[in-house]
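**Student:** This is the structure I have questions about; it appears just below.
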Amino acid sequence: MEQLIQQLVNGVSLGSIYALIALGYTMVYGIINLINFAHGDIYMIGAYIGFALTTFLHLGFFPALILSMLLTSMLGMVIEKVAYKPIRKSTRIAALITAISVSLFLEYGMMYFVKPETRTFPEVLPNKQISIFNTSAVLDIKNIYILVVTITLMLILQYVIYKTKVGKAMRAVSLDSDAAQLMGIDINKTISYTFAIGSALAGAAGVLVGSYYNSINPLMGVVPGLKAFVAAVIGGIGVIPGAVLGGFFLGFTETLVSAFGGSLYKDAVAFAVLILVLLIKPKGLLGRNIREKV
Amino acid sequence: MLELQNLNVFYGAIHALRDVSLKINEGEIVTLIGANGAGKTTTLRTISGIEKAQSGKLLYNGKELNSVSASEIVKLGICHVPEGRRVFSTMSVFENLEMGAYTRNDKVQIKKDMEHVFSLFPRLLERKNQMAGTLSGGEQQMLAIGRALLSKPKLLLLDEPSMGLAPLVVKEIFSIIKDINKDGTTILLVEQNANMALQCADRAYIIKNGEIDMEGNAQALLNDESVKNAYLGG
Ligand SMILES: Nc1ncnc2c1ncn2[C@@H]1O[C@H](COP(=O)(O)OP(=O)(O)O)[C@@H](O)[C@H]1O
Ligand SMILES: [Mg+2]
């Protein structure tokens with residue numbers, strides 16, 4: 001029982017991280033149908049930026065979080081401009097190969113600059129643990145930080161997408177980019193903003209993970225990136241609430257598998273869940289297929 | 001107002017428009033008719049900057065548009081209602097209209113224009129918060145036209161507004177097109193329904209295999225034997 005409660009707490013944190021990264025995958029896919037495999041590496045770079053800001057500039061958690069989001073959003077825009085924009089009209093396979101190349105470039109580029117070894121992220125969050133209902137299960141204050149930051153960012157995202165002009169333009173471009181262009185929407189700018197927002201969320205996830213686990217390395221983005229991609233597909237790629245649902249769904253599934261002693265198999269279970277969901281709902285849990293009426 | 005001079009447009013190896021020249025004067029309704037695949041849509045897409053011409057000139061009030069981006073062209077006052085309506089299906093009717101006003105910042109005036117669109121299409125007001133994808137075909141066409149009107153166009157390009165609609169709805173749409181024109185908007189109307197289009201328009205061009213085949217007064221073409229045989233069902 002205690003083990004279960006503990007794993008549920010962990011599930012919330014893990015789910016939050018997956019959801020934050022999955023949002024970027026799904027937004028970018030929604031707007032240009034590209035699976036941005038470099039997205040997990042933006043999360044890694046976000047963690048390194050957070051590490052540098054807290055270690056060398058001694059910034060606190062929140063300033064480091066915000067600055068890191070700012071810098072990763074710029075990185076996202078640059079990557080889009082340099083790597084993806086020139087091939088926007090090419091085949092999907094060319095786009096996929098490009099995304100994988102960008103991913104490898106970021107991973108090994110970082111390895112060159114920051115060395116491959118694991119770094120210790122400073123303790124920037126209060127190190128306090130509360131016992132849950134007088135059991136031996138503990139709630140680390142850091143879990144609360146992760147959850148609150150995640151929810152706040154999601155609310156802001158919700159606001160931006162549904163209430164602002166830029167956000168509505170993003171939805172319009174992802175629904176029909178030609179029609180959006182005919183309304184005078186600048187497609188290039190809109191795509192650029194989408195990368196900025198998605199990358200900022202990944203950057204935030206990086207800082208959260210760094211300050212939670214206190215250890216980062218240049219390949220830390222590979223597995224969470226893949227998992228977040230799985231989460232986005234489970235939820236229905238291109239559908240924003242789907243990314244959140246998929247992220248938490250996957251986070252809970254993995255921690256529950258661990259709770260029942262299967263921690264060795266949790267990755268396998270993640271992919272098994274993916275296959276199962278796609279067999280039952282090929283478009284993902286919230287994926288929809290609205291047919292145009294004529 | 002708008003002048004196309006010997007435009008040539010290609011899709012890869014397909015030569016879609018061959019030396020197309022046409023002219024639209026301020027205040028007119030001009031129709032461009034022709035069979036499926038003749039190049040009507042391509043002509044409109046080139047005017048609105050989505051396709052680029054390989055050669056030839058595109059002049060709007062004397063200004064060359066050839067290298068102007070699609071979003072700039074909307075700002076200059078040309079708005080294109082695409083074939084098949086292309087409303088944003090999972091956005092509400094209201095949000096679709098807001099997207100029409102995307103290039104504008106004059107909030108007060110936008111609100112007034114929104115009301116004007118609702119007075120032209122009262123059904124859109126009733127369905128303001130409904131998702132556009134759930135509207136009927138006729139309502140979607142009204143939304144597509146209303147959305148375009150919110151960009152405050154001086155020249156409105158309409159691509160087959162009657163497509164797939166019941167005859168009664170087609171009539172309604174055409175009468176609104178005339179009203180919009182009377183309010184001072186110049187219109188380039190692309191149609192396969194040549195009969196309706198010629199009755200509505202001042203002047204007409206007939207396009208065939210990417211080339212302008214005939215041009216003239218709409219009424220005259222309506223009574224022309226060869227046009228009758230080829231486009232008006234004999
Ligand atoms: N995106 C495209 N790619 C290749 N060929 C196209 C494309 N769009 C149109 N065409 C071709 O260009 C020609 C003109 O098409 P279009 O302008 O759509 O005709 P219309 O609107 O008169 O039916 C046709 O032969 C069509 O097959
Ligand atoms: Mg057409």
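Each chain in the structure tokens gets a letter, A, B and so on, in the order shown; residues start at 1 in every chain, and ligands are counted from 1 in the order they appear.
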Would you list the contacts of Arg85 of chain B as number ranges by chain, taking every protein, DNA or RNA residue within 9 Å and counting only C-alpha atoms, but skipping same-chain residues closer than 6 positions in sequence?

**Tutor:** A: 179, 294; B: 137, 140-145, 159-161

**Student:** Select, as JSON, numbers by chain, those residues of chain B with any atom no more than 9 Å from chain A (distances computed using only C-alpha atoms).

**Tutor:** {"B": [48, 49, 50, 69, 70, 71, 72, 73, 74, 75, 79, 80, 81, 82, 84, 85, 86, 87, 88, 89, 90, 91, 95, 96, 98, 99, 100, 101, 102, 103, 133, 134, 135, 136, 137, 138, 140, 147, 148, 151, 163, 164, 165]}

**Student:** Please produce an output containing C-alpha atoms for each residue in the selection, written as a compact mmCIF listing (two decimals), in the first residue's frame.

**Tutor:**
```
# COMPACT_ATOMS: atom_id res chain seq x y z
CA SER B 48 -3.49 35.85 -53.87
CA GLY B 49 0.20 34.98 -53.82
CA ILE B 50 0.02 31.28 -52.92
CA SER B 69 3.79 37.57 -49.96
CA ALA B 70 0.30 36.15 -49.52
CA SER B 71 -0.19 37.84 -46.16
CA GLU B 72 0.86 41.23 -47.56
CA ILE B 73 -1.58 40.83 -50.41
CA VAL B 74 -4.42 40.45 -47.91
CA LYS B 75 -3.28 43.68 -46.29
CA CYS B 79 -9.07 38.43 -50.15
CA HIS B 80 -9.62 34.98 -51.57
CA VAL B 81 -12.46 32.66 -50.55
CA PRO B 82 -11.04 29.26 -51.47
CA GLY B 84 -14.38 24.06 -50.93
CA ARG B 85 -14.81 26.86 -48.34
CA ARG B 86 -11.94 25.67 -46.12
CA VAL B 87 -13.35 26.99 -42.87
CA PHE B 88 -11.33 26.13 -39.74
CA SER B 89 -13.41 23.13 -38.73
CA THR B 90 -12.63 22.87 -35.03
CA MET B 91 -12.73 26.59 -34.40
CA GLU B 95 -13.11 32.51 -34.14
CA ASN B 96 -13.25 31.88 -37.88
CA GLU B 98 -11.73 36.71 -36.07
CA MET B 99 -9.18 34.99 -38.29
CA GLY B 100 -10.63 36.92 -41.20
CA ALA B 101 -9.73 40.12 -39.38
CA TYR B 102 -6.24 38.81 -38.61
CA THR B 103 -4.38 41.56 -40.48
CA GLY B 133 -17.12 21.92 -39.04
CA THR B 134 -20.65 21.24 -37.81
CA LEU B 135 -22.29 23.81 -40.12
CA SER B 136 -24.15 22.82 -43.28
CA GLY B 137 -22.44 23.38 -46.63
CA GLY B 138 -24.38 26.59 -47.29
CA GLN B 140 -19.94 27.12 -44.30
CA ARG B 147 -14.59 35.65 -42.88
CA ALA B 148 -13.13 37.14 -46.04
CA SER B 151 -10.35 41.56 -43.94
CA MET B 163 -20.14 24.08 -55.42
CA GLY B 164 -22.19 21.28 -53.88
CA LEU B 165 -25.02 23.50 -52.71
```

**Student:** I'd like to know which residues of segment 7-176 of chain A are strand (DSSP E or B) (by DSSP, run on the backbone); could you write them as an MDAnalysis selection string?

**Tutor:** chainID A and resid 119:120 129:131 138:140

**Student:** Show me, as a JSON list (two decimals) with N, CA and C atoms, in the first residue's frame, the residues that have an atom within 10 Å of segment 170-179 of chain B when counting only C-alpha atoms, minus same-chain residues fewer than 2 positions from it.

**Tutor:**
```
[["chain", "number", "residue", "atom", "x", "y", "z"],
["B", 29, "ILE", "N", -18.27, 43.11, -61.29],
["B", 29, "ILE", "CA", -18.22, 41.68, -61.01],
["B", 29, "ILE", "C", -17.73, 41.04, -62.30],
["B", 120, "LEU", "N", -25.64, 40.43, -42.66],
["B", 120, "LEU", "CA", -25.71, 39.79, -43.98],
["B", 120, "LEU", "C", -26.10, 38.32, -43.85],
["B", 121, "PHE", "N", -25.54, 37.68, -42.81],
["B", 121, "PHE", "CA", -25.75, 36.24, -42.61],
["B", 121, "PHE", "C", -26.26, 35.98, -41.19],
["B", 138, "GLY", "N", -24.01, 25.20, -46.99],
["B", 138, "GLY", "CA", -24.38, 26.59, -47.29],
["B", 138, "GLY", "C", -23.89, 27.53, -46.21],
["B", 139, "GLU", "N", -24.05, 27.11, -44.96],
["B", 139, "GLU", "CA", -23.60, 27.95, -43.85],
["B", 139, "GLU", "C", -22.08, 28.11, -43.86],
["B", 141, "GLN", "N", -20.26, 28.10, -46.50],
["B", 141, "GLN", "CA", -19.94, 29.05, -47.56],
["B", 141, "GLN", "C", -20.17, 30.48, -47.08],
["B", 142, "MET", "N", -21.25, 30.67, -46.33],
["B", 142, "MET", "CA", -21.52, 32.01, -45.79],
["B", 142, "MET", "C", -20.40, 32.41, -44.84],
["B", 145, "ILE", "N", -17.33, 33.40, -46.77],
["B", 145, "ILE", "CA", -17.45, 34.74, -47.36],
["B", 145, "ILE", "C", -17.38, 35.80, -46.26],
["B", 156, "LEU", "N", -12.60, 40.99, -53.94],
["B", 156, "LEU", "CA", -12.91, 39.70, -53.35],
["B", 156, "LEU", "C", -12.81, 38.63, -54.44],
["B", 158, "LEU", "N", -13.70, 34.86, -55.40],
["B", 158, "LEU", "CA", -14.57, 33.78, -54.94],
["B", 158, "LEU", "C", -14.37, 32.56, -55.83],
["B", 161, "PRO", "N", -18.29, 29.38, -55.33],
["B", 161, "PRO", "CA", -19.12, 29.45, -54.13],
["B", 161, "PRO", "C", -20.37, 28.58, -54.21],
["B", 162, "SER", "N", -20.77, 28.16, -55.41],
["B", 162, "SER", "CA", -22.01, 27.37, -55.52],
["B", 162, "SER", "C", -21.75, 25.88, -55.42],
["B", 163, "MET", "N", -20.50, 25.50, -55.36],
["B", 163, "MET", "CA", -20.14, 24.08, -55.42],
["B", 163, "MET", "C", -20.86, 23.24, -54.35],
["B", 164, "GLY", "N", -21.56, 22.22, -54.80],
["B", 164, "GLY", "CA", -22.19, 21.28, -53.88],
["B", 164, "GLY", "C", -23.39, 21.79, -53.11],
["B", 165, "LEU", "N", -23.89, 22.95, -53.48],
["B", 165, "LEU", "CA", -25.02, 23.50, -52.71],
["B", 165, "LEU", "C", -26.34, 23.30, -53.44],
["B", 166, "ALA", "N", -27.41, 23.22, -52.65],
["B", 166, "ALA", "CA", -28.75, 23.08, -53.23],
["B", 166, "ALA", "C", -29.11, 24.36, -53.98],
["B", 167, "PRO", "N", -29.91, 24.25, -55.06],
["B", 167, "PRO", "CA", -30.23, 25.40, -55.92],
["B", 167, "PRO", "C", -30.73, 26.63, -55.14],
["B", 168, "LEU", "N", -31.55, 26.39, -54.13],
["B", 168, "LEU", "CA", -32.08, 27.51, -53.37],
["B", 168, "LEU", "C", -30.98, 28.26, -52.63],
["B", 181, "ASN", "N", -21.17, 43.42, -53.75],
["B", 181, "ASN", "CA", -20.66, 44.24, -54.83],
["B", 181, "ASN", "C", -21.27, 45.64, -54.80],
["B", 182, "LYS", "N", -22.56, 45.72, -54.51],
["B", 182, "LYS", "CA", -23.22, 47.02, -54.45],
["B", 182, "LYS", "C", -22.64, 47.88, -53.34],
["B", 183, "ASP", "N", -22.18, 47.20, -52.26],
["B", 183, "ASP", "CA", -21.55, 47.93, -51.16],
["B", 183, "ASP", "C", -20.17, 48.46, -51.53],
["B", 184, "GLY", "N", -19.72, 48.16, -52.76],
["B", 184, "GLY", "CA", -18.46, 48.76, -53.20],
["B", 184, "GLY", "C", -17.29, 47.81, -53.31],
["B", 185, "THR", "N", -17.52, 46.50, -53.17],
["B", 185, "THR", "CA", -16.41, 45.56, -53.29],
["B", 185, "THR", "C", -16.38, 44.99, -54.71],
["B", 187, "ILE", "N", -15.48, 42.23, -57.47],
["B", 187, "ILE", "CA", -15.50, 40.78, -57.32],
["B", 187, "ILE", "C", -15.00, 40.05, -58.55],
["B", 189, "LEU", "N", -15.29, 36.33, -59.73],
["B", 189, "LEU", "CA", -16.07, 35.14, -59.40],
["B", 189, "LEU", "C", -15.68, 34.00, -60.31],
["B", 193, "ASN", "N", -20.64, 26.73, -62.58],
["B", 193, "ASN", "CA", -22.04, 27.01, -62.88],
["B", 193, "ASN", "C", -22.09, 28.28, -63.73],
["B", 196, "MET", "N", -25.40, 30.70, -63.90],
["B", 196, "MET", "CA", -25.58, 31.59, -62.76],
["B", 196, "MET", "C", -24.54, 32.71, -62.79],
["B", 197, "ALA", "N", -23.31, 32.33, -63.07],
["B", 197, "ALA", "CA", -22.22, 33.29, -63.01],
["B", 197, "ALA", "C", -22.40, 34.38, -64.06],
["B", 199, "GLN", "N", -25.15, 35.37, -65.39],
["B", 199, "GLN", "CA", -26.29, 36.23, -65.06],
["B", 199, "GLN", "C", -25.93, 37.27, -64.01],
["B", 200, "CYS", "N", -24.97, 36.91, -63.18],
["B", 200, "CYS", "CA", -24.61, 37.76, -62.05],
["B", 200, "CYS", "C", -23.55, 38.80, -62.45],
["B", 201, "ALA", "N", -22.70, 38.44, -63.43],
["B", 201, "ALA", "CA", -21.51, 39.26, -63.68],
["B", 201, "ALA", "C", -21.73, 40.36, -64.71]]
```

**Student:** Quick one: everything within 10 Å of Gln3 of chain A, counting only C-alpha atoms, minus sequence neighbours fewer than 4 positions away in the same chain. Send it as a list in words.

**Tutor:**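 Those residues are Gln7, Leu8, Thr135, Ser136, Ala137, Val138, Leu256, Ser258, Ala259, Phe260 and Gly261 of chain A.
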
**Student:** Extract, using only C-alpha atoms, all DNA, RNA and protein residues at most 8 Å from Gly225 of chain A, discarding same-chain residues fewer than 2 positions from it, and format them as a list in words.

**Tutor:**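 Here the qualifying residues turn out to be Ile21, Phe37, His39, Gly40, Asp41, Tyr43, Gly221, Val222, Val223, Lys227, Ala228 and Phe229 of chain A.
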
**Student:** Could you report the residues within 10 Å of ligand 2, using only C-alpha atoms and all ligand atoms, as a list in words?

**Tutor:**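 The neighbouring residues of ligand 2 are, in order, Ile33, Gly34, Ala35, Asn36, Gly37, Ala38, Gly39, Lys40, Thr41, Thr42, Thr43, Leu44, Arg45, Pro82, Glu83, Gly84, Asp159, Glu160, Met163, Val190, Glu191 and Gln192 of chain B.
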
**Student:** How would the residues just picked look written out with N, CA and C atoms as a compact mmCIF listing (two decimals), in the first residue's frame?

**Tutor:**
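The new file part_20.txt reads:
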```
# COMPACT_ATOMS: atom_id res chain seq x y z
N ILE B 33 -14.99 31.60 -66.05
CA ILE B 33 -15.62 30.29 -66.09
C ILE B 33 -14.81 29.34 -66.97
N GLY B 34 -15.07 28.07 -66.79
CA GLY B 34 -14.34 27.09 -67.56
C GLY B 34 -14.53 25.71 -66.95
N ALA B 35 -14.12 24.70 -67.71
CA ALA B 35 -14.32 23.32 -67.26
C ALA B 35 -13.40 23.00 -66.08
N ASN B 36 -13.66 21.87 -65.48
CA ASN B 36 -12.81 21.37 -64.41
C ASN B 36 -11.37 21.21 -64.92
N GLY B 37 -10.42 21.72 -64.18
CA GLY B 37 -9.02 21.56 -64.56
C GLY B 37 -8.54 22.60 -65.55
N ALA B 38 -9.37 23.58 -65.88
CA ALA B 38 -8.99 24.58 -66.88
C ALA B 38 -7.93 25.56 -66.35
N GLY B 39 -7.90 25.75 -65.04
CA GLY B 39 -6.92 26.68 -64.46
C GLY B 39 -7.54 27.83 -63.70
N LYS B 40 -8.80 27.71 -63.36
CA LYS B 40 -9.50 28.80 -62.65
C LYS B 40 -8.91 29.00 -61.25
N THR B 41 -8.83 27.89 -60.51
CA THR B 41 -8.31 27.99 -59.15
C THR B 41 -6.87 28.49 -59.16
N THR B 42 -6.10 27.99 -60.10
CA THR B 42 -4.70 28.41 -60.19
C THR B 42 -4.61 29.92 -60.42
N THR B 43 -5.50 30.44 -61.25
CA THR B 43 -5.50 31.89 -61.49
C THR B 43 -5.70 32.64 -60.17
N LEU B 44 -6.70 32.20 -59.39
CA LEU B 44 -6.96 32.88 -58.12
C LEU B 44 -5.80 32.71 -57.15
N ARG B 45 -5.25 31.52 -57.10
CA ARG B 45 -4.13 31.27 -56.17
C ARG B 45 -2.92 32.11 -56.53
N PRO B 82 -11.52 30.41 -50.69
CA PRO B 82 -11.04 29.26 -51.47
C PRO B 82 -12.14 28.29 -51.86
N GLU B 83 -11.80 27.51 -52.88
CA GLU B 83 -12.68 26.45 -53.34
C GLU B 83 -12.89 25.46 -52.19
N GLY B 84 -14.11 25.01 -52.01
CA GLY B 84 -14.38 24.06 -50.93
C GLY B 84 -14.47 24.71 -49.56
N ASP B 159 -13.99 31.43 -55.22
CA ASP B 159 -13.76 30.23 -56.01
C ASP B 159 -14.91 29.24 -55.83
N GLU B 160 -15.71 29.12 -56.85
CA GLU B 160 -16.85 28.20 -56.89
C GLU B 160 -17.70 28.23 -55.63
N MET B 163 -20.50 25.50 -55.36
CA MET B 163 -20.14 24.08 -55.42
C MET B 163 -20.86 23.24 -54.35
N VAL B 190 -15.17 32.92 -59.71
CA VAL B 190 -14.85 31.73 -60.49
C VAL B 190 -15.99 30.75 -60.33
N GLU B 191 -16.46 30.20 -61.44
CA GLU B 191 -17.60 29.28 -61.35
C GLU B 191 -17.53 28.18 -62.40
N GLN B 192 -18.12 27.03 -62.04
CA GLN B 192 -18.41 26.03 -63.07
C GLN B 192 -19.85 26.16 -63.49
```

**Student:** Excluding segment 112-118 of chain A and residues on its chain fewer than 6 positions from it, collect all residues at most 9 Å away from it, counting only C-alpha atoms, and give them as a PyMOL selection string.

**Tutor:** chain A and resi 48+215-219

**Student:** Would you please extract all alpha helix (DSSP H) residues from segment 165-224 of chain B, as assigned by DSSP on the backbone, and give them as a PyMOL selection string?

**Tutor:** chain B and resi 167-182+194-200+218-222

**Student:** Please save C-alpha atoms of the selected residues as a compact mmCIF listing (two decimals), in the first residue's frame.

**Tutor:**
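Output file out_5.txt follows:
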```txt
# COMPACT_ATOMS: atom_id res chain seq x y z
CA PRO B 167 -30.23 25.40 -55.92
CA LEU B 168 -32.08 27.51 -53.37
CA VAL B 169 -28.93 28.08 -51.33
CA VAL B 170 -27.02 28.92 -54.50
CA LYS B 171 -29.57 31.60 -55.26
CA GLU B 172 -29.19 33.03 -51.79
CA ILE B 173 -25.42 33.10 -52.05
CA PHE B 174 -25.48 34.79 -55.45
CA SER B 175 -27.86 37.45 -54.24
CA ILE B 176 -25.52 38.18 -51.33
CA ILE B 177 -22.59 38.37 -53.74
CA LYS B 178 -24.49 41.07 -55.64
CA ASP B 179 -25.17 42.93 -52.39
CA ILE B 180 -21.52 42.82 -51.43
CA ASN B 181 -20.66 44.24 -54.83
CA LYS B 182 -23.22 47.02 -54.45
CA ALA B 194 -21.62 29.25 -65.93
CA ASN B 195 -25.26 30.09 -66.22
CA MET B 196 -25.58 31.59 -62.76
CA ALA B 197 -22.22 33.29 -63.01
CA LEU B 198 -22.95 34.99 -66.34
CA GLN B 199 -26.29 36.23 -65.06
CA CYS B 200 -24.61 37.76 -62.05
CA ALA B 218 -21.46 38.66 -69.60
CA GLN B 219 -24.87 39.17 -71.20
CA ALA B 220 -23.40 38.80 -74.68
CA LEU B 221 -21.63 35.56 -73.76
CA LEU B 222 -24.84 34.25 -72.25
```

**Student:** Just want the 12 Å neighbourhood of Glu115 of chain B, counted on only C-alpha atoms, with same-chain residues fewer than 4 positions away dropped. Output as a list in words.

**Tutor:**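 These residues fall inside the cut-off: Phe94, Leu97, Val108, Gln109, Ile110, Lys111, Ser119, Leu120, Phe121, Pro122, Leu124, Leu125, Lys128, Gly146, Leu149 and Leu150 of chain B.
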
**Student:** How would the residues just chosen look if you wrote them out with N, CA and C atoms as a PDB file, in the first residue's frame?

**Tutor:**
```
ATOM      1  N   PHE B  94     -17.323  32.247 -34.574  1.00  0.00           N
ATOM      2  CA  PHE B  94     -16.776  33.527 -34.172  1.00  0.00           C
ATOM      3  C   PHE B  94     -15.262  33.587 -34.374  1.00  0.00           C
ATOM      4  N   LEU B  97     -14.325  34.040 -37.926  1.00  0.00           N
ATOM      5  CA  LEU B  97     -14.459  35.436 -38.361  1.00  0.00           C
ATOM      6  C   LEU B  97     -13.290  36.271 -37.841  1.00  0.00           C
ATOM      7  N   VAL B 108     -12.398  48.484 -32.682  1.00  0.00           N
ATOM      8  CA  VAL B 108     -13.749  49.043 -32.709  1.00  0.00           C
ATOM      9  C   VAL B 108     -14.386  48.797 -34.069  1.00  0.00           C
ATOM     10  N   GLN B 109     -13.615  49.080 -35.113  1.00  0.00           N
ATOM     11  CA  GLN B 109     -14.123  48.906 -36.465  1.00  0.00           C
ATOM     12  C   GLN B 109     -14.363  47.431 -36.776  1.00  0.00           C
ATOM     13  N   ILE B 110     -13.494  46.568 -36.262  1.00  0.00           N
ATOM     14  CA  ILE B 110     -13.674  45.128 -36.493  1.00  0.00           C
ATOM     15  C   ILE B 110     -15.005  44.678 -35.913  1.00  0.00           C
ATOM     16  N   LYS B 111     -15.304  45.212 -34.733  1.00  0.00           N
ATOM     17  CA  LYS B 111     -16.564  44.830 -34.079  1.00  0.00           C
ATOM     18  C   LYS B 111     -17.766  45.263 -34.931  1.00  0.00           C
ATOM     19  N   SER B 119     -25.337  40.730 -39.961  1.00  0.00           N
ATOM     20  CA  SER B 119     -26.595  41.195 -40.541  1.00  0.00           C
ATOM     21  C   SER B 119     -26.770  40.645 -41.958  1.00  0.00           C
ATOM     22  N   LEU B 120     -25.637  40.429 -42.657  1.00  0.00           N
ATOM     23  CA  LEU B 120     -25.715  39.794 -43.976  1.00  0.00           C
ATOM     24  C   LEU B 120     -26.100  38.319 -43.848  1.00  0.00           C
ATOM     25  N   PHE B 121     -25.535  37.677 -42.807  1.00  0.00           N
ATOM     26  CA  PHE B 121     -25.751  36.237 -42.607  1.00  0.00           C
ATOM     27  C   PHE B 121     -26.264  35.978 -41.194  1.00  0.00           C
ATOM     28  N   PRO B 122     -27.541  36.216 -40.964  1.00  0.00           N
ATOM     29  CA  PRO B 122     -28.077  36.058 -39.604  1.00  0.00           C
ATOM     30  C   PRO B 122     -27.862  34.645 -39.045  1.00  0.00           C
ATOM     31  N   LEU B 124     -25.299  32.915 -39.161  1.00  0.00           N
ATOM     32  CA  LEU B 124     -23.986  32.811 -38.516  1.00  0.00           C
ATOM     33  C   LEU B 124     -24.058  33.328 -37.087  1.00  0.00           C
ATOM     34  N   LEU B 125     -24.883  34.325 -36.879  1.00  0.00           N
ATOM     35  CA  LEU B 125     -25.030  34.871 -35.529  1.00  0.00           C
ATOM     36  C   LEU B 125     -25.639  33.820 -34.601  1.00  0.00           C
ATOM     37  N   LYS B 128     -22.940  31.324 -33.704  1.00  0.00           N
ATOM     38  CA  LYS B 128     -21.687  31.998 -33.363  1.00  0.00           C
ATOM     39  C   LYS B 128     -20.669  31.123 -32.614  1.00  0.00           C
ATOM     40  N   GLY B 146     -18.089  35.555 -45.158  1.00  0.00           N
ATOM     41  CA  GLY B 146     -18.077  36.501 -44.046  1.00  0.00           C
ATOM     42  C   GLY B 146     -16.675  36.702 -43.495  1.00  0.00           C
ATOM     43  N   LEU B 149     -14.801  38.897 -45.741  1.00  0.00           N
ATOM     44  CA  LEU B 149     -15.237  40.301 -45.668  1.00  0.00           C
ATOM     45  C   LEU B 149     -14.589  41.016 -44.498  1.00  0.00           C
ATOM     46  N   LEU B 150     -14.280  40.259 -43.429  1.00  0.00           N
ATOM     47  CA  LEU B 150     -13.677  40.900 -42.256  1.00  0.00           C
ATOM     48  C   LEU B 150     -12.264  41.392 -42.511  1.00  0.00           C
TER      49      LEU B 150
END
```

**Student:** Would you please work out which residue, of B:Glu3, B:Ile206, B:Asn105, B:Ile212, is nearest to Val227 of chain B when using only C-alpha atoms?

**Tutor:** B:Ile206

**Student:** Taking only C-alpha atoms into account, which of A:Tyr145, A:Tyr108, A:Phe195, A:Phe271 comes nearest Ala231 of chain A?

**Tutor:**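 For Ala231 of chain A, the nearest of the given residues is A:Phe271.
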
**Student:** Quick one: pull the distance between atom CA of Ile280 of chain A and atom CA of Ile234 of chain A, Å, one decimal.

**Tutor:** 10.7 Å
